[in-house]
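Data file: data30.cif. Format and content: mmCIF, N, CA and C atoms.
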```cif
data_upload
#
loop_
_atom_site.group_PDB
_atom_site.id
_atom_site.type_symbol
_atom_site.label_atom_id
_atom_site.label_comp_id
_atom_site.auth_asym_id
_atom_site.auth_seq_id
_atom_site.Cartn_x
_atom_site.Cartn_y
_atom_site.Cartn_z
ATOM 1 N N MET A 93 0.832 -1.170 0.000
ATOM 2 C CA MET A 93 0.000 0.000 0.000
ATOM 3 C C MET A 93 0.885 1.244 0.000
ATOM 4 N N SER A 94 0.473 2.230 -0.791
ATOM 5 C CA SER A 94 1.267 3.449 -0.925
ATOM 6 C C SER A 94 1.119 4.349 0.291
ATOM 7 N N THR A 95 2.179 5.016 0.597
ATOM 8 C CA THR A 95 2.103 6.004 1.661
ATOM 9 C C THR A 95 1.575 7.306 1.064
ATOM 10 N N VAL A 96 1.208 8.240 1.911
ATOM 11 C CA VAL A 96 0.715 9.530 1.454
ATOM 12 C C VAL A 96 1.779 10.210 0.589
ATOM 13 N N LYS A 97 3.036 10.083 0.972
ATOM 14 C CA LYS A 97 4.116 10.685 0.195
ATOM 15 C C LYS A 97 4.141 10.136 -1.228
ATOM 16 N N ASP A 98 3.957 8.824 -1.373
ATOM 17 C CA ASP A 98 3.929 8.206 -2.701
ATOM 18 C C ASP A 98 2.750 8.724 -3.518
ATOM 19 N N LEU A 99 1.604 8.849 -2.876
ATOM 20 C CA LEU A 99 0.423 9.375 -3.568
ATOM 21 C C LEU A 99 0.664 10.800 -4.045
ATOM 22 N N VAL A 100 1.217 11.623 -3.182
ATOM 23 C CA VAL A 100 1.488 13.018 -3.536
ATOM 24 C C VAL A 100 2.451 13.076 -4.716
ATOM 25 N N GLU A 101 3.480 12.273 -4.702
ATOM 26 C CA GLU A 101 4.436 12.237 -5.820
ATOM 27 C C GLU A 101 3.747 11.827 -7.120
ATOM 28 N N ASP A 102 2.878 10.833 -7.047
ATOM 29 C CA ASP A 102 2.128 10.395 -8.234
ATOM 30 C C ASP A 102 1.214 11.505 -8.742
ATOM 31 N N TRP A 103 0.531 12.187 -7.812
ATOM 32 C CA TRP A 103 -0.373 13.274 -8.213
ATOM 33 C C TRP A 103 0.393 14.413 -8.875
ATOM 34 N N ILE A 104 1.595 14.685 -8.394
ATOM 35 C CA ILE A 104 2.420 15.738 -9.000
ATOM 36 C C ILE A 104 2.801 15.352 -10.428
ATOM 37 N N GLU A 105 3.161 14.090 -10.630
ATOM 38 C CA GLU A 105 3.492 13.606 -11.975
ATOM 39 C C GLU A 105 2.283 13.692 -12.900
ATOM 40 N N ILE A 106 1.129 13.277 -12.410
ATOM 41 C CA ILE A 106 -0.100 13.323 -13.210
ATOM 42 C C ILE A 106 -0.435 14.764 -13.572
ATOM 43 N N ARG A 107 -0.317 15.669 -12.590
ATOM 44 C CA ARG A 107 -0.603 17.083 -12.843
ATOM 45 C C ARG A 107 0.333 17.640 -13.910
ATOM 46 N N SER A 108 1.609 17.293 -13.844
ATOM 47 C CA SER A 108 2.579 17.763 -14.837
ATOM 48 C C SER A 108 2.227 17.270 -16.233
ATOM 49 N N MET A 109 1.831 15.996 -16.316
ATOM 50 C CA MET A 109 1.445 15.432 -17.604
ATOM 51 C C MET A 109 0.208 16.142 -18.156
ATOM 52 N N LEU A 110 -0.775 16.373 -17.299
ATOM 53 C CA LEU A 110 -1.985 17.070 -17.727
ATOM 54 C C LEU A 110 -1.676 18.500 -18.166
ATOM 55 N N GLN A 111 -0.767 19.170 -17.470
ATOM 56 C CA GLN A 111 -0.398 20.533 -17.839
ATOM 57 C C GLN A 111 0.288 20.565 -19.205
ATOM 58 N N ARG A 112 1.129 19.575 -19.487
ATOM 59 C CA ARG A 112 1.772 19.489 -20.812
ATOM 60 C C ARG A 112 0.727 19.259 -21.895
ATOM 61 N N GLN A 113 -0.202 18.341 -21.639
ATOM 62 C CA GLN A 113 -1.242 18.053 -22.616
ATOM 63 C C GLN A 113 -2.148 19.257 -22.833
ATOM 64 N N LEU A 114 -2.455 19.970 -21.759
ATOM 65 C CA LEU A 114 -3.267 21.174 -21.855
ATOM 66 C C LEU A 114 -2.564 22.209 -22.733
ATOM 67 N N GLY A 115 -1.280 22.381 -22.525
ATOM 68 C CA GLY A 115 -0.513 23.314 -23.347
ATOM 69 C C GLY A 115 -0.558 22.952 -24.818
ATOM 70 N N MET A 116 -0.456 21.663 -25.107
ATOM 71 C CA MET A 116 -0.525 21.208 -26.498
ATOM 72 C C MET A 116 -1.898 21.489 -27.096
ATOM 73 N N LEU A 117 -2.941 21.204 -26.342
ATOM 74 C CA LEU A 117 -4.295 21.443 -26.830
ATOM 75 C C LEU A 117 -4.543 22.930 -27.071
ATOM 76 N N GLU A 118 -4.122 23.754 -26.127
ATOM 77 C CA GLU A 118 -4.360 25.188 -26.242
ATOM 78 C C GLU A 118 -3.547 25.819 -27.370
ATOM 79 N N SER A 119 -2.390 25.258 -27.683
ATOM 80 C CA SER A 119 -1.562 25.801 -28.755
ATOM 81 C C SER A 119 -1.973 25.290 -30.133
ATOM 82 N N GLY A 120 -2.869 24.294 -30.152
ATOM 83 C CA GLY A 120 -3.328 23.745 -31.427
ATOM 84 C C GLY A 120 -2.441 22.657 -31.983
ATOM 85 N N GLN A 121 -1.441 22.214 -31.254
ATOM 86 C CA GLN A 121 -0.533 21.177 -31.734
ATOM 87 C C GLN A 121 -1.225 19.841 -31.947
ATOM 88 N N VAL A 122 -2.287 19.592 -31.227
ATOM 89 C CA VAL A 122 -2.975 18.302 -31.310
ATOM 90 C C VAL A 122 -3.784 18.198 -32.597
ATOM 91 N N HIS A 123 -4.223 19.326 -33.128
ATOM 92 C CA HIS A 123 -5.065 19.320 -34.326
ATOM 93 C C HIS A 123 -4.327 18.895 -35.584
ATOM 94 N N THR A 124 -3.033 19.028 -35.606
ATOM 95 C CA THR A 124 -2.264 18.732 -36.800
ATOM 96 C C THR A 124 -2.475 17.294 -37.237
ATOM 97 N N GLY A 125 -3.096 17.128 -38.395
ATOM 98 C CA GLY A 125 -3.288 15.795 -38.966
ATOM 99 C C GLY A 125 -4.369 14.957 -38.306
ATOM 100 N N THR A 126 -5.242 15.560 -37.513
ATOM 101 C CA THR A 126 -6.312 14.799 -36.868
ATOM 102 C C THR A 126 -7.665 15.352 -37.288
ATOM 103 N N SER A 127 -8.695 14.611 -36.979
ATOM 104 C CA SER A 127 -10.048 15.058 -37.289
ATOM 105 C C SER A 127 -10.803 15.431 -36.015
ATOM 106 N N ILE A 128 -10.089 15.935 -35.033
ATOM 107 C CA ILE A 128 -10.700 16.332 -33.769
ATOM 108 C C ILE A 128 -11.381 17.679 -33.974
ATOM 109 N N SER A 129 -12.637 17.753 -33.625
ATOM 110 C CA SER A 129 -13.375 18.999 -33.816
ATOM 111 C C SER A 129 -12.984 20.040 -32.776
ATOM 112 N N ASP A 130 -13.241 21.313 -33.113
ATOM 113 C CA ASP A 130 -12.953 22.399 -32.174
ATOM 114 C C ASP A 130 -13.767 22.251 -30.898
ATOM 115 N N THR A 131 -15.021 21.803 -31.030
ATOM 116 C CA THR A 131 -15.881 21.632 -29.869
ATOM 117 C C THR A 131 -15.308 20.582 -28.917
ATOM 118 N N THR A 132 -14.855 19.482 -29.472
ATOM 119 C CA THR A 132 -14.269 18.420 -28.655
ATOM 120 C C THR A 132 -13.007 18.915 -27.965
ATOM 121 N N THR A 133 -12.201 19.657 -28.675
ATOM 122 C CA THR A 133 -10.977 20.200 -28.084
ATOM 123 C C THR A 133 -11.306 21.135 -26.931
ATOM 124 N N LYS A 134 -12.282 22.027 -27.138
ATOM 125 C CA LYS A 134 -12.663 22.966 -26.078
ATOM 126 C C LYS A 134 -13.192 22.226 -24.854
ATOM 127 N N GLU A 135 -14.009 21.207 -25.073
ATOM 128 C CA GLU A 135 -14.546 20.425 -23.956
ATOM 129 C C GLU A 135 -13.426 19.695 -23.211
ATOM 130 N N THR A 136 -12.472 19.186 -23.954
ATOM 131 C CA THR A 136 -11.346 18.481 -23.345
ATOM 132 C C THR A 136 -10.498 19.447 -22.520
ATOM 133 N N ILE A 137 -10.288 20.647 -23.022
ATOM 134 C CA ILE A 137 -9.530 21.661 -22.289
ATOM 135 C C ILE A 137 -10.212 21.973 -20.959
ATOM 136 N N VAL A 138 -11.527 22.121 -20.984
ATOM 137 C CA VAL A 138 -12.274 22.405 -19.752
ATOM 138 C C VAL A 138 -12.113 21.255 -18.757
ATOM 139 N N ARG A 139 -12.225 20.031 -19.251
ATOM 140 C CA ARG A 139 -12.086 18.868 -18.361
ATOM 141 C C ARG A 139 -10.691 18.774 -17.760
ATOM 142 N N ILE A 140 -9.669 18.991 -18.579
ATOM 143 C CA ILE A 140 -8.303 18.906 -18.073
ATOM 144 C C ILE A 140 -8.053 19.990 -17.031
ATOM 145 N N LYS A 141 -8.556 21.202 -17.268
ATOM 146 C CA LYS A 141 -8.398 22.275 -16.284
ATOM 147 C C LYS A 141 -9.083 21.905 -14.966
ATOM 148 N N THR A 142 -10.238 21.255 -15.067
ATOM 149 C CA THR A 142 -10.948 20.802 -13.866
ATOM 150 C C THR A 142 -10.113 19.769 -13.117
ATOM 151 N N TRP A 143 -9.556 18.815 -13.841
ATOM 152 C CA TRP A 143 -8.727 17.783 -13.205
ATOM 153 C C TRP A 143 -7.513 18.390 -12.532
ATOM 154 N N ILE A 144 -6.869 19.348 -13.202
ATOM 155 C CA ILE A 144 -5.704 20.005 -12.616
ATOM 156 C C ILE A 144 -6.108 20.729 -11.330
ATOM 157 N N GLY A 145 -7.257 21.390 -11.362
ATOM 158 C CA GLY A 145 -7.754 22.070 -10.164
ATOM 159 C C GLY A 145 -8.021 21.104 -9.028
ATOM 160 N N GLU A 146 -8.584 19.940 -9.354
ATOM 161 C CA GLU A 146 -8.851 18.935 -8.327
ATOM 162 C C GLU A 146 -7.553 18.371 -7.752
ATOM 163 N N LEU A 147 -6.575 18.142 -8.617
ATOM 164 C CA LEU A 147 -5.281 17.666 -8.127
ATOM 165 C C LEU A 147 -4.617 18.716 -7.241
ATOM 166 N N ASN A 148 -4.704 19.982 -7.634
ATOM 167 C CA ASN A 148 -4.137 21.054 -6.803
ATOM 168 C C ASN A 148 -4.796 21.081 -5.427
ATOM 169 N N ALA A 149 -6.108 20.884 -5.397
ATOM 170 C CA ALA A 149 -6.826 20.865 -4.112
ATOM 171 C C ALA A 149 -6.356 19.683 -3.260
ATOM 172 N N LEU A 150 -6.221 18.517 -3.862
ATOM 173 C CA LEU A 150 -5.723 17.344 -3.133
ATOM 174 C C LEU A 150 -4.311 17.586 -2.601
ATOM 175 N N LEU A 151 -3.468 18.176 -3.435
ATOM 176 C CA LEU A 151 -2.092 18.431 -3.021
ATOM 177 C C LEU A 151 -2.041 19.415 -1.860
ATOM 178 N N LYS A 152 -2.908 20.406 -1.853
ATOM 179 C CA LYS A 152 -2.951 21.359 -0.729
ATOM 180 C C LYS A 152 -3.334 20.658 0.564
ATOM 181 N N VAL A 153 -4.319 19.776 0.478
ATOM 182 C CA VAL A 153 -4.790 19.066 1.671
ATOM 183 C C VAL A 153 -3.714 18.115 2.179
ATOM 184 N N TYR A 154 -3.140 17.322 1.275
ATOM 185 C CA TYR A 154 -2.199 16.293 1.702
ATOM 186 C C TYR A 154 -0.793 16.814 1.919
ATOM 187 N N ALA A 155 -0.474 17.996 1.424
ATOM 188 C CA ALA A 155 0.843 18.572 1.695
ATOM 189 C C ALA A 155 0.962 18.939 3.168
ATOM 190 N N ARG A 156 -0.165 19.229 3.796
ATOM 191 C CA ARG A 156 -0.195 19.567 5.221
ATOM 192 C C ARG A 156 -0.026 18.334 6.094
ATOM 193 N N ALA A 157 -0.415 17.177 5.555
ATOM 194 C CA ALA A 157 -0.404 15.940 6.344
ATOM 195 C C ALA A 157 0.998 15.411 6.565
#
```

Could you write out this structure as structure tokens?
Amino acid sequence: MSTVKDLVEDWIEIRSMLQRQLGMLESGQVHTGTSISDTTTKETIVRIKTWIGELNALLKVYARA
């Protein structure tokens, strides 16, 4: 079973990955050569921002622990 420290480290890695993907989506790099619609991209950006916000909230709570 993972310790809180291990969980926090994993969440930081996940957040970093999501931030990189968000940057790619926002810059339009993902659209190159794909058939992803603008609507789908915008919805995905909103979801990723929500996930990043949730991870930040978890990190604030567990950083104190």

One decimal, in Å: what's the spacing between CA of Arg107 (chain A) and CA of Ile144 (chain A)?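 Separation of CA of Arg107 (chain A) and CA of Ile144 (chain A): 5.9 Å.
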
What are the DSSP alpha helix (DSSP H) residues of chain A, as a PyMOL selection string? chain A and resi 96-119+130-156

Let's have the selection written as a compact mmCIF listing (two decimals), in the coordinates of the input, with N, CA and C atoms.
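As a result, out-v2.txt now contains:
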```
# COMPACT_ATOMS: atom_id res chain seq x y z
N VAL A 96 1.21 8.24 1.91
CA VAL A 96 0.72 9.53 1.45
C VAL A 96 1.78 10.21 0.59
N LYS A 97 3.04 10.08 0.97
CA LYS A 97 4.12 10.68 0.20
C LYS A 97 4.14 10.14 -1.23
N ASP A 98 3.96 8.82 -1.37
CA ASP A 98 3.93 8.21 -2.70
C ASP A 98 2.75 8.72 -3.52
N LEU A 99 1.60 8.85 -2.88
CA LEU A 99 0.42 9.38 -3.57
C LEU A 99 0.66 10.80 -4.04
N VAL A 100 1.22 11.62 -3.18
CA VAL A 100 1.49 13.02 -3.54
C VAL A 100 2.45 13.08 -4.72
N GLU A 101 3.48 12.27 -4.70
CA GLU A 101 4.44 12.24 -5.82
C GLU A 101 3.75 11.83 -7.12
N ASP A 102 2.88 10.83 -7.05
CA ASP A 102 2.13 10.40 -8.23
C ASP A 102 1.21 11.50 -8.74
N TRP A 103 0.53 12.19 -7.81
CA TRP A 103 -0.37 13.27 -8.21
C TRP A 103 0.39 14.41 -8.88
N ILE A 104 1.60 14.68 -8.39
CA ILE A 104 2.42 15.74 -9.00
C ILE A 104 2.80 15.35 -10.43
N GLU A 105 3.16 14.09 -10.63
CA GLU A 105 3.49 13.61 -11.98
C GLU A 105 2.28 13.69 -12.90
N ILE A 106 1.13 13.28 -12.41
CA ILE A 106 -0.10 13.32 -13.21
C ILE A 106 -0.44 14.76 -13.57
N ARG A 107 -0.32 15.67 -12.59
CA ARG A 107 -0.60 17.08 -12.84
C ARG A 107 0.33 17.64 -13.91
N SER A 108 1.61 17.29 -13.84
CA SER A 108 2.58 17.76 -14.84
C SER A 108 2.23 17.27 -16.23
N MET A 109 1.83 16.00 -16.32
CA MET A 109 1.44 15.43 -17.60
C MET A 109 0.21 16.14 -18.16
N LEU A 110 -0.78 16.37 -17.30
CA LEU A 110 -1.98 17.07 -17.73
C LEU A 110 -1.68 18.50 -18.17
N GLN A 111 -0.77 19.17 -17.47
CA GLN A 111 -0.40 20.53 -17.84
C GLN A 111 0.29 20.56 -19.20
N ARG A 112 1.13 19.58 -19.49
CA ARG A 112 1.77 19.49 -20.81
C ARG A 112 0.73 19.26 -21.90
N GLN A 113 -0.20 18.34 -21.64
CA GLN A 113 -1.24 18.05 -22.62
C GLN A 113 -2.15 19.26 -22.83
N LEU A 114 -2.46 19.97 -21.76
CA LEU A 114 -3.27 21.17 -21.86
C LEU A 114 -2.56 22.21 -22.73
N GLY A 115 -1.28 22.38 -22.52
CA GLY A 115 -0.51 23.31 -23.35
C GLY A 115 -0.56 22.95 -24.82
N MET A 116 -0.46 21.66 -25.11
CA MET A 116 -0.52 21.21 -26.50
C MET A 116 -1.90 21.49 -27.10
N LEU A 117 -2.94 21.20 -26.34
CA LEU A 117 -4.30 21.44 -26.83
C LEU A 117 -4.54 22.93 -27.07
N GLU A 118 -4.12 23.75 -26.13
CA GLU A 118 -4.36 25.19 -26.24
C GLU A 118 -3.55 25.82 -27.37
N SER A 119 -2.39 25.26 -27.68
CA SER A 119 -1.56 25.80 -28.76
C SER A 119 -1.97 25.29 -30.13
N ASP A 130 -13.24 21.31 -33.11
CA ASP A 130 -12.95 22.40 -32.17
C ASP A 130 -13.77 22.25 -30.90
N THR A 131 -15.02 21.80 -31.03
CA THR A 131 -15.88 21.63 -29.87
C THR A 131 -15.31 20.58 -28.92
N THR A 132 -14.86 19.48 -29.47
CA THR A 132 -14.27 18.42 -28.66
C THR A 132 -13.01 18.92 -27.96
N THR A 133 -12.20 19.66 -28.68
CA THR A 133 -10.98 20.20 -28.08
C THR A 133 -11.31 21.14 -26.93
N LYS A 134 -12.28 22.03 -27.14
CA LYS A 134 -12.66 22.97 -26.08
C LYS A 134 -13.19 22.23 -24.85
N GLU A 135 -14.01 21.21 -25.07
CA GLU A 135 -14.55 20.42 -23.96
C GLU A 135 -13.43 19.70 -23.21
N THR A 136 -12.47 19.19 -23.95
CA THR A 136 -11.35 18.48 -23.34
C THR A 136 -10.50 19.45 -22.52
N ILE A 137 -10.29 20.65 -23.02
CA ILE A 137 -9.53 21.66 -22.29
C ILE A 137 -10.21 21.97 -20.96
N VAL A 138 -11.53 22.12 -20.98
CA VAL A 138 -12.27 22.40 -19.75
C VAL A 138 -12.11 21.26 -18.76
N ARG A 139 -12.22 20.03 -19.25
CA ARG A 139 -12.09 18.87 -18.36
C ARG A 139 -10.69 18.77 -17.76
N ILE A 140 -9.67 18.99 -18.58
CA ILE A 140 -8.30 18.91 -18.07
C ILE A 140 -8.05 19.99 -17.03
N LYS A 141 -8.56 21.20 -17.27
CA LYS A 141 -8.40 22.28 -16.28
C LYS A 141 -9.08 21.90 -14.97
N THR A 142 -10.24 21.26 -15.07
CA THR A 142 -10.95 20.80 -13.87
C THR A 142 -10.11 19.77 -13.12
N TRP A 143 -9.56 18.82 -13.84
CA TRP A 143 -8.73 17.78 -13.20
C TRP A 143 -7.51 18.39 -12.53
N ILE A 144 -6.87 19.35 -13.20
CA ILE A 144 -5.70 20.00 -12.62
C ILE A 144 -6.11 20.73 -11.33
N GLY A 145 -7.26 21.39 -11.36
CA GLY A 145 -7.75 22.07 -10.16
C GLY A 145 -8.02 21.10 -9.03
N GLU A 146 -8.58 19.94 -9.35
CA GLU A 146 -8.85 18.93 -8.33
C GLU A 146 -7.55 18.37 -7.75
N LEU A 147 -6.58 18.14 -8.62
CA LEU A 147 -5.28 17.67 -8.13
C LEU A 147 -4.62 18.72 -7.24
N ASN A 148 -4.70 19.98 -7.63
CA ASN A 148 -4.14 21.05 -6.80
C ASN A 148 -4.80 21.08 -5.43
N ALA A 149 -6.11 20.88 -5.40
CA ALA A 149 -6.83 20.86 -4.11
C ALA A 149 -6.36 19.68 -3.26
N LEU A 150 -6.22 18.52 -3.86
CA LEU A 150 -5.72 17.34 -3.13
C LEU A 150 -4.31 17.59 -2.60
N LEU A 151 -3.47 18.18 -3.44
CA LEU A 151 -2.09 18.43 -3.02
C LEU A 151 -2.04 19.42 -1.86
N LYS A 152 -2.91 20.41 -1.85
CA LYS A 152 -2.95 21.36 -0.73
C LYS A 152 -3.33 20.66 0.56
N VAL A 153 -4.32 19.78 0.48
CA VAL A 153 -4.79 19.07 1.67
C VAL A 153 -3.71 18.11 2.18
N TYR A 154 -3.14 17.32 1.27
CA TYR A 154 -2.20 16.29 1.70
C TYR A 154 -0.79 16.81 1.92
N ALA A 155 -0.47 18.00 1.42
CA ALA A 155 0.84 18.57 1.70
C ALA A 155 0.96 18.94 3.17
N ARG A 156 -0.16 19.23 3.80
CA ARG A 156 -0.20 19.57 5.22
C ARG A 156 -0.03 18.33 6.09
```

Pick from A:Ile104, A:Leu114, A:Ile128, A:Met109, whichever lies nearest to Leu147 (chain A) using all atoms listed in the file: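 Distance minimum relative to Leu147 (chain A) lands on A:Ile104.
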
Between CA of Glu135 (chain A) and atom N of Lys152 (chain A), what is the distance in Å, rounded to a tenth?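 Straight-line distance from CA of Glu135 (chain A) to atom N of Lys152 (chain A) works out to 25.0 Å.
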
Length of the CA of Ile140 (chain A) to atom N of Val153 (chain A) vector [Å]: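 One can read the CA of Ile140 (chain A) to atom N of Val153 (chain A) distance as 19.0 Å.
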
What's the 12 Å shell around Arg112 (chain A), counting only C-alpha atoms, without same-chain residues fewer than 5 positions away, as a compact mmCIF listing (two decimals) with N, CA and C atoms, in the frame of the given file?
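Listed below is the output, result-v1.txt:
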```txt
# COMPACT_ATOMS: atom_id res chain seq x y z
N GLU A 105 3.16 14.09 -10.63
CA GLU A 105 3.49 13.61 -11.98
C GLU A 105 2.28 13.69 -12.90
N ILE A 106 1.13 13.28 -12.41
CA ILE A 106 -0.10 13.32 -13.21
C ILE A 106 -0.44 14.76 -13.57
N ARG A 107 -0.32 15.67 -12.59
CA ARG A 107 -0.60 17.08 -12.84
C ARG A 107 0.33 17.64 -13.91
N LEU A 117 -2.94 21.20 -26.34
CA LEU A 117 -4.30 21.44 -26.83
C LEU A 117 -4.54 22.93 -27.07
N GLU A 118 -4.12 23.75 -26.13
CA GLU A 118 -4.36 25.19 -26.24
C GLU A 118 -3.55 25.82 -27.37
N SER A 119 -2.39 25.26 -27.68
CA SER A 119 -1.56 25.80 -28.76
C SER A 119 -1.97 25.29 -30.13
N GLN A 121 -1.44 22.21 -31.25
CA GLN A 121 -0.53 21.18 -31.73
C GLN A 121 -1.23 19.84 -31.95
N VAL A 122 -2.29 19.59 -31.23
CA VAL A 122 -2.98 18.30 -31.31
C VAL A 122 -3.78 18.20 -32.60
N ILE A 137 -10.29 20.65 -23.02
CA ILE A 137 -9.53 21.66 -22.29
C ILE A 137 -10.21 21.97 -20.96
N ILE A 140 -9.67 18.99 -18.58
CA ILE A 140 -8.30 18.91 -18.07
C ILE A 140 -8.05 19.99 -17.03
N LYS A 141 -8.56 21.20 -17.27
CA LYS A 141 -8.40 22.28 -16.28
C LYS A 141 -9.08 21.90 -14.97
N ILE A 144 -6.87 19.35 -13.20
CA ILE A 144 -5.70 20.00 -12.62
C ILE A 144 -6.11 20.73 -11.33
```

Closest of A:Gln111, A:Met116, A:Arg156, A:Asp130 to Thr142 (chain A), counting only C-alpha atoms, is A:Gln111

As lines of an AutoDock Vina configuration file, please: the centre and edge lengths in Å, to one decimal, of an axis-aligned box enclosing every listed atom of region 129-148 of chain A with 3 Å added on each side.
```
center_x = -10.0
center_y = 20.3
center_z = -19.6
size_x = 17.7
size_y = 11.3
size_z = 34.4
```

Option closest in space to Trp103 (chain A), from A:Ser127, A:Gly115, A:Arg139, A:Leu151 [counting all atoms listed in the file]: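 Nearest to Trp103 (chain A): A:Leu151.
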